[in-house]
Amino acid sequence: MLDNPEKASRGGWIFDGRDPVFGAKDLRGVYVSVQPNFTGRCTAPFLVDKKLKKAVSNESSSIVRMLNDFDVGEGPWVDLCPEKLKGEIDELNGFLYENINNGVYKCGFSTSQEAYDRAESKLHDALKEVDERLQTRKFMLGDKITESDVFLYPTVVRFDMVYAGLFRCGRKRIRDYTHIQRWMEDVHSLARIHQTFDGEGARKSYYRQMFPLNPSLIVPGGPTPADVGLADPSAIQEESSCFHYKS
């Protein structure tokens, strides 16, 4: 999909060609195909049942868990939520969402100084706690990547490039949290993670889409992925030992 609010009928996302399942030109077309009376925001990701032509979910955490639990036959398949860690993962994910993933949005869209101060303080307190956690762990729950790493990564990898400036979260940047910076570089250097992120695209999308926060629609020249320490393609590695696998 391409982020193009001028061509999209609602939500900003269009297809490079047509959606191969429903033949839609944009994401709104997919929503309407499975739910004709839908009037809400057309957000991604969006999981649909192709056979039944029904919406399943557009909530990221639910989709991640469902795909992880999906039985696709003979593996080996990565397991982001091993049964023995599920309780810890659920608790940690809740903390990350409330204070960091959603915390940056609470800062950016606060409508009072009091609300902003509260959200900004909770955000950086949480980042400090995560930084301390990663001082003794390679990943969030040990030496293997879990859902919690997957949930934290999108916010952290965009933080210095987008949220610090546009959402007024920049009292401290990720590079000021030594252990989170190391963790971000480690996670980003893995091939299956690296290929999911377009840093330049993310920065341009936020500054062009968030009209209330950036009415001029001017996109700053940086920071770039290289500026914040993200690996170039030559440094990408495939490291199968970093994941749990289903037995």
# chains A, B, ... in the order shown; residues from 1 in each chain; ligands from 1
$ closest_atom_pairs --of "range 16-45 of chain A" --to "range 49-59 of chain A" --cutoff "8 Å" --atoms "only C-alpha atoms" --output "tab-separated table"
residue	atom	partner	partner_atom	distance
A:Val21	CA	A:Lys50	CA	7.1
A:Tyr31	CA	A:Ala55	CA	7.6
A:Ser33	CA	A:Lys53	CA	7.4
A:Val34	CA	A:Lys54	CA	4.8
A:Gln35	CA	A:Ala55	CA	7.1
A:Thr43	CA	A:Asn58	CA	6.9
A:Ala44	CA	A:Asn58	CA	6.5
A:Pro45	CA	A:Asn58	CA	5.6
$ residues_around --residues "Leu166 in chain A" --least-positions-apart "3" --cutoff "7 Å" --atoms "only C-alpha atoms" --output "ChimeraX atom specification"
/A:162-163,213
$ write_last_selection --atoms "all heavy atoms" --output "CSV table (one decimal), in the first residue's frame"
chain,number,residue,atom,x,y,z
A,162,VAL,N,10.4,11.2,14.4
A,162,VAL,CA,9.0,11.8,14.3
A,162,VAL,C,8.5,12.3,15.6
A,162,VAL,O,8.2,13.5,15.8
A,162,VAL,CB,8.0,10.7,13.8
A,162,VAL,CG1,6.6,11.3,13.7
A,162,VAL,CG2,8.4,10.3,12.4
A,163,TYR,N,8.4,11.4,16.6
A,163,TYR,CA,7.6,11.8,17.8
A,163,TYR,C,8.3,12.8,18.7
A,163,TYR,O,7.7,13.7,19.3
A,163,TYR,CB,7.4,10.5,18.7
A,163,TYR,CG,6.6,9.5,18.0
A,163,TYR,CD1,7.0,8.1,18.0
A,163,TYR,CD2,5.5,9.7,17.2
A,163,TYR,CE1,6.4,7.1,17.4
A,163,TYR,CE2,4.8,8.7,16.6
A,163,TYR,CZ,5.2,7.4,16.7
A,163,TYR,OH,4.5,6.4,16.0
A,213,LEU,N,-1.2,19.2,13.8
A,213,LEU,CA,0.1,19.4,14.4
A,213,LEU,C,1.1,20.1,13.5
A,213,LEU,O,2.2,20.6,13.9
A,213,LEU,CB,0.7,18.1,14.9
A,213,LEU,CG,-0.2,17.3,15.9
A,213,LEU,CD1,0.6,16.0,16.3
A,213,LEU,CD2,-0.5,18.1,17.1
$ residues_around --residues "Pro223 in chain A" --least-positions-apart "3" --cutoff "10 Å" --atoms "only C-alpha atoms" --output "ChimeraX atom specification"
/A:160-162,165,199-200,203,220,226-228
$ write_last_selection --atoms "all heavy atoms" --output "short mmCIF file (atom, residue, chain, number, x, y, z; two decimals), in the first residue's frame"
data_model
loop_
_atom_site.label_atom_id
_atom_site.label_comp_id
_atom_site.auth_asym_id
_atom_site.auth_seq_id
_atom_site.Cartn_x
_atom_site.Cartn_y
_atom_site.Cartn_z
N ASP A 160 12.88 9.29 17.50
CA ASP A 160 13.74 10.45 17.23
C ASP A 160 13.42 11.11 15.91
O ASP A 160 13.57 12.33 15.76
CB ASP A 160 15.22 10.03 17.26
CG ASP A 160 15.71 9.69 18.66
OD1 ASP A 160 14.91 9.79 19.61
OD2 ASP A 160 16.89 9.33 18.80
N MET A 161 12.96 10.33 14.94
CA MET A 161 12.67 10.87 13.61
C MET A 161 11.34 11.61 13.55
O MET A 161 11.16 12.52 12.74
CB MET A 161 12.68 9.76 12.57
CG MET A 161 14.07 9.22 12.25
SD MET A 161 14.07 8.11 10.82
CE MET A 161 13.29 6.68 11.54
N VAL A 162 10.38 11.20 14.40
CA VAL A 162 9.03 11.76 14.30
C VAL A 162 8.52 12.30 15.63
O VAL A 162 8.24 13.49 15.79
CB VAL A 162 8.04 10.71 13.75
CG1 VAL A 162 6.61 11.27 13.74
CG2 VAL A 162 8.44 10.25 12.37
N GLY A 165 9.99 15.45 17.81
CA GLY A 165 9.69 16.79 17.33
C GLY A 165 8.21 17.05 17.15
O GLY A 165 7.63 17.92 17.81
N GLY A 199 11.94 4.24 7.08
CA GLY A 199 12.11 5.41 7.92
C GLY A 199 11.76 6.72 7.25
O GLY A 199 11.05 7.57 7.80
N GLU A 200 12.25 6.90 6.02
CA GLU A 200 11.95 8.13 5.29
C GLU A 200 10.46 8.24 5.01
O GLU A 200 9.86 9.31 5.13
CB GLU A 200 12.75 8.18 3.99
CG GLU A 200 14.25 8.38 4.16
CD GLU A 200 14.58 9.73 4.77
OE1 GLU A 200 13.83 10.71 4.54
OE2 GLU A 200 15.59 9.81 5.49
N ARG A 203 8.58 9.28 8.28
CA ARG A 203 8.74 10.70 8.62
C ARG A 203 7.88 11.57 7.70
O ARG A 203 7.17 12.48 8.17
CB ARG A 203 10.21 11.09 8.54
CG ARG A 203 10.51 12.52 8.93
CD ARG A 203 11.98 12.70 9.29
NE ARG A 203 12.85 12.16 8.26
CZ ARG A 203 13.18 12.82 7.13
NH1 ARG A 203 12.70 14.02 6.91
NH2 ARG A 203 13.99 12.27 6.24
N PRO A 220 10.57 18.12 7.66
CA PRO A 220 11.96 18.45 7.99
C PRO A 220 12.95 17.53 7.27
O PRO A 220 12.60 16.42 6.89
CB PRO A 220 12.03 18.27 9.50
CG PRO A 220 10.94 17.32 9.82
CD PRO A 220 9.84 17.60 8.83
N ALA A 226 19.88 6.97 9.16
CA ALA A 226 21.32 6.93 9.45
C ALA A 226 21.66 7.83 10.65
O ALA A 226 22.51 7.48 11.47
CB ALA A 226 22.11 7.37 8.23
N ASP A 227 20.98 8.96 10.76
CA ASP A 227 21.23 9.89 11.86
C ASP A 227 20.93 9.26 13.22
O ASP A 227 21.57 9.61 14.22
CB ASP A 227 20.38 11.16 11.71
CG ASP A 227 20.80 12.01 10.54
OD1 ASP A 227 21.97 11.94 10.14
OD2 ASP A 227 19.94 12.75 10.01
N VAL A 228 19.94 8.38 13.27
CA VAL A 228 19.55 7.80 14.55
C VAL A 228 20.17 6.42 14.80
O VAL A 228 19.81 5.72 15.73
CB VAL A 228 18.01 7.72 14.68
CG1 VAL A 228 17.40 9.10 14.57
CG2 VAL A 228 17.39 6.78 13.65
#
$ residues_around --residues "Glu74 in chain A" --least-positions-apart "6" --cutoff "12 Å" --atoms "only C-alpha atoms" --output "list of chain:residue names"
A:Tyr245, A:Lys246, A:Ser247
$ write_last_selection --atoms "all heavy atoms" --output "PDB file, in the first residue's frame"
ATOM      1  N   TYR A 245      10.774 -20.896  18.736  1.00  0.00           N
ATOM      2  CA  TYR A 245      10.104 -21.619  17.648  1.00  0.00           C
ATOM      3  C   TYR A 245       9.071 -22.573  18.215  1.00  0.00           C
ATOM      4  O   TYR A 245       9.240 -23.131  19.317  1.00  0.00           O
ATOM      5  CB  TYR A 245      11.132 -22.390  16.802  1.00  0.00           C
ATOM      6  CG  TYR A 245      11.982 -21.470  15.959  1.00  0.00           C
ATOM      7  CD1 TYR A 245      13.169 -20.934  16.470  1.00  0.00           C
ATOM      8  CD2 TYR A 245      11.600 -21.113  14.670  1.00  0.00           C
ATOM      9  CE1 TYR A 245      13.942 -20.071  15.709  1.00  0.00           C
ATOM     10  CE2 TYR A 245      12.369 -20.258  13.895  1.00  0.00           C
ATOM     11  CZ  TYR A 245      13.533 -19.739  14.420  1.00  0.00           C
ATOM     12  OH  TYR A 245      14.289 -18.881  13.682  1.00  0.00           O
ATOM     13  N   LYS A 246       8.011 -22.770  17.460  1.00  0.00           N
ATOM     14  CA  LYS A 246       6.960 -23.705  17.882  1.00  0.00           C
ATOM     15  C   LYS A 246       7.485 -25.127  17.708  1.00  0.00           C
ATOM     16  O   LYS A 246       8.137 -25.439  16.709  1.00  0.00           O
ATOM     17  CB  LYS A 246       5.707 -23.501  17.044  1.00  0.00           C
ATOM     18  CG  LYS A 246       5.088 -22.116  17.252  1.00  0.00           C
ATOM     19  CD  LYS A 246       3.839 -21.939  16.396  1.00  0.00           C
ATOM     20  CE  LYS A 246       3.244 -20.548  16.616  1.00  0.00           C
ATOM     21  NZ  LYS A 246       2.022 -20.323  15.808  1.00  0.00           N
ATOM     22  N   SER A 247       7.151 -25.961  18.667  1.00  0.00           N
ATOM     23  CA  SER A 247       7.611 -27.355  18.618  1.00  0.00           C
ATOM     24  C   SER A 247       6.666 -28.175  17.742  1.00  0.00           C
ATOM     25  O   SER A 247       5.540 -27.795  17.484  1.00  0.00           O
ATOM     26  CB  SER A 247       7.647 -27.933  20.027  1.00  0.00           C
ATOM     27  OG  SER A 247       6.389 -27.809  20.666  1.00  0.00           O
TER      28      SER A 247
END
$ atom_distance --atom1 "CA of Met210 in chain A" --atom2 "CA of Pro225 in chain A"
20.4 Å
$ residues_around --residues "Thr178 in chain A" --least-positions-apart "5" --cutoff "9 Å" --atoms "only C-alpha atoms" --output "ChimeraX atom specification"
/A:131,135,183
$ atom_distance --atom1 "CA of Leu230 in chain A" --atom2 "CA of Ser189 in chain A"
7.8 Å
$ select_by_dssp --residues "range 44-87 of chain A" --states "helix (DSSP H, G or I)" --output "list in words"
Ser60, Ser61, Ser62, Ile63, Val64, Arg65, Met66, Leu67, Asn68, Asp69, Glu83, Lys84, Leu85, Lys86 and Gly87 of chain A
$ write_last_selection --atoms "N, CA and C atoms" --output "PDB file, in the first residue's frame"
ATOM      1  N   SER A  60      -3.976  -3.856  16.015  1.00  0.00           N
ATOM      2  CA  SER A  60      -2.660  -4.449  15.781  1.00  0.00           C
ATOM      3  C   SER A  60      -2.335  -5.597  16.717  1.00  0.00           C
ATOM      4  N   SER A  61      -2.543  -5.397  18.025  1.00  0.00           N
ATOM      5  CA  SER A  61      -2.141  -6.430  18.986  1.00  0.00           C
ATOM      6  C   SER A  61      -2.948  -7.711  18.794  1.00  0.00           C
ATOM      7  N   SER A  62      -4.232  -7.574  18.484  1.00  0.00           N
ATOM      8  CA  SER A  62      -5.068  -8.757  18.246  1.00  0.00           C
ATOM      9  C   SER A  62      -4.604  -9.510  17.007  1.00  0.00           C
ATOM     10  N   ILE A  63      -4.247  -8.767  15.967  1.00  0.00           N
ATOM     11  CA  ILE A  63      -3.804  -9.392  14.722  1.00  0.00           C
ATOM     12  C   ILE A  63      -2.487 -10.133  14.936  1.00  0.00           C
ATOM     13  N   VAL A  64      -1.555  -9.517  15.649  1.00  0.00           N
ATOM     14  CA  VAL A  64      -0.272 -10.178  15.935  1.00  0.00           C
ATOM     15  C   VAL A  64      -0.497 -11.491  16.669  1.00  0.00           C
ATOM     16  N   ARG A  65      -1.353 -11.479  17.681  1.00  0.00           N
ATOM     17  CA  ARG A  65      -1.614 -12.687  18.467  1.00  0.00           C
ATOM     18  C   ARG A  65      -2.314 -13.740  17.614  1.00  0.00           C
ATOM     19  N   MET A  66      -3.278 -13.339  16.803  1.00  0.00           N
ATOM     20  CA  MET A  66      -3.995 -14.299  15.968  1.00  0.00           C
ATOM     21  C   MET A  66      -3.067 -14.953  14.945  1.00  0.00           C
ATOM     22  N   LEU A  67      -2.218 -14.150  14.320  1.00  0.00           N
ATOM     23  CA  LEU A  67      -1.291 -14.705  13.337  1.00  0.00           C
ATOM     24  C   LEU A  67      -0.273 -15.617  13.997  1.00  0.00           C
ATOM     25  N   ASN A  68       0.126 -15.283  15.206  1.00  0.00           N
ATOM     26  CA  ASN A  68       1.072 -16.143  15.922  1.00  0.00           C
ATOM     27  C   ASN A  68       0.439 -17.483  16.272  1.00  0.00           C
ATOM     28  N   ASP A  69      -0.850 -17.466  16.588  1.00  0.00           N
ATOM     29  CA  ASP A  69      -1.554 -18.695  16.976  1.00  0.00           C
ATOM     30  C   ASP A  69      -2.033 -19.500  15.775  1.00  0.00           C
ATOM     31  N   GLU A  83       3.830 -20.162  25.387  1.00  0.00           N
ATOM     32  CA  GLU A  83       2.851 -20.329  26.456  1.00  0.00           C
ATOM     33  C   GLU A  83       3.437 -20.002  27.824  1.00  0.00           C
ATOM     34  N   LYS A  84       4.684 -20.401  28.066  1.00  0.00           N
ATOM     35  CA  LYS A  84       5.292 -20.184  29.386  1.00  0.00           C
ATOM     36  C   LYS A  84       5.553 -18.707  29.686  1.00  0.00           C
ATOM     37  N   LEU A  85       5.551 -17.871  28.650  1.00  0.00           N
ATOM     38  CA  LEU A  85       5.815 -16.445  28.832  1.00  0.00           C
ATOM     39  C   LEU A  85       4.572 -15.579  28.624  1.00  0.00           C
ATOM     40  N   LYS A  86       3.437 -16.196  28.327  1.00  0.00           N
ATOM     41  CA  LYS A  86       2.248 -15.441  27.937  1.00  0.00           C
ATOM     42  C   LYS A  86       1.816 -14.436  28.997  1.00  0.00           C
ATOM     43  N   GLY A  87       1.829 -14.835  30.262  1.00  0.00           N
ATOM     44  CA  GLY A  87       1.425 -13.925  31.337  1.00  0.00           C
ATOM     45  C   GLY A  87       2.326 -12.708  31.416  1.00  0.00           C
TER      46      GLY A  87
END
$ atom_distance --atom1 "CA of Phe38 in chain A" --atom2 "CA of Gly17 in chain A"
23.0 Å
$ closest_atom_pairs --of "range 22-131 of chain A" --to "range 137-147 of chain A" --cutoff "8 Å" --atoms "only C-alpha atoms" --output "CSV"
residue,atom,partner,partner_atom,distance
A:Val64,CA,A:Glu147,CA,7.8
A:Asp79,CA,A:Thr146,CA,7.6
A:Leu80,CA,A:Thr146,CA,4.4
A:Cys81,CA,A:Thr146,CA,6.0
A:Ile89,CA,A:Glu147,CA,6.9
A:Asn93,CA,A:Glu147,CA,7.8
$ write_last_selection --atoms "N, CA, C and O atoms" --output "short mmCIF file (atom, residue, chain, number, x, y, z; two decimals), in the first residue's frame"
data_model
loop_
_atom_site.label_atom_id
_atom_site.label_comp_id
_atom_site.auth_asym_id
_atom_site.auth_seq_id
_atom_site.Cartn_x
_atom_site.Cartn_y
_atom_site.Cartn_z
N VAL A 64 -1.55 -9.52 15.65
CA VAL A 64 -0.27 -10.18 15.94
C VAL A 64 -0.50 -11.49 16.67
O VAL A 64 0.08 -12.52 16.31
N ASP A 79 7.66 -18.38 17.17
CA ASP A 79 6.64 -18.25 18.20
C ASP A 79 6.94 -16.99 19.01
O ASP A 79 7.87 -16.96 19.81
N LEU A 80 6.15 -15.95 18.80
CA LEU A 80 6.37 -14.68 19.50
C LEU A 80 5.74 -14.65 20.88
O LEU A 80 6.01 -13.73 21.66
N CYS A 81 4.91 -15.65 21.17
CA CYS A 81 4.25 -15.67 22.47
C CYS A 81 4.21 -17.10 23.02
O CYS A 81 3.16 -17.74 23.06
N ILE A 89 4.24 -11.55 29.03
CA ILE A 89 4.11 -10.78 27.79
C ILE A 89 2.86 -9.89 27.84
O ILE A 89 2.92 -8.70 27.50
N ASN A 93 3.10 -5.96 27.66
CA ASN A 93 2.46 -5.29 26.52
C ASN A 93 1.50 -4.20 26.98
O ASN A 93 1.41 -3.13 26.37
#
$ residues_around --residues "Asp16 in chain A" --least-positions-apart "6" --cutoff "10 Å" --atoms "only C-alpha atoms" --output "list in words"
Met1, Leu2, Lys25 and Asp26 of chain A
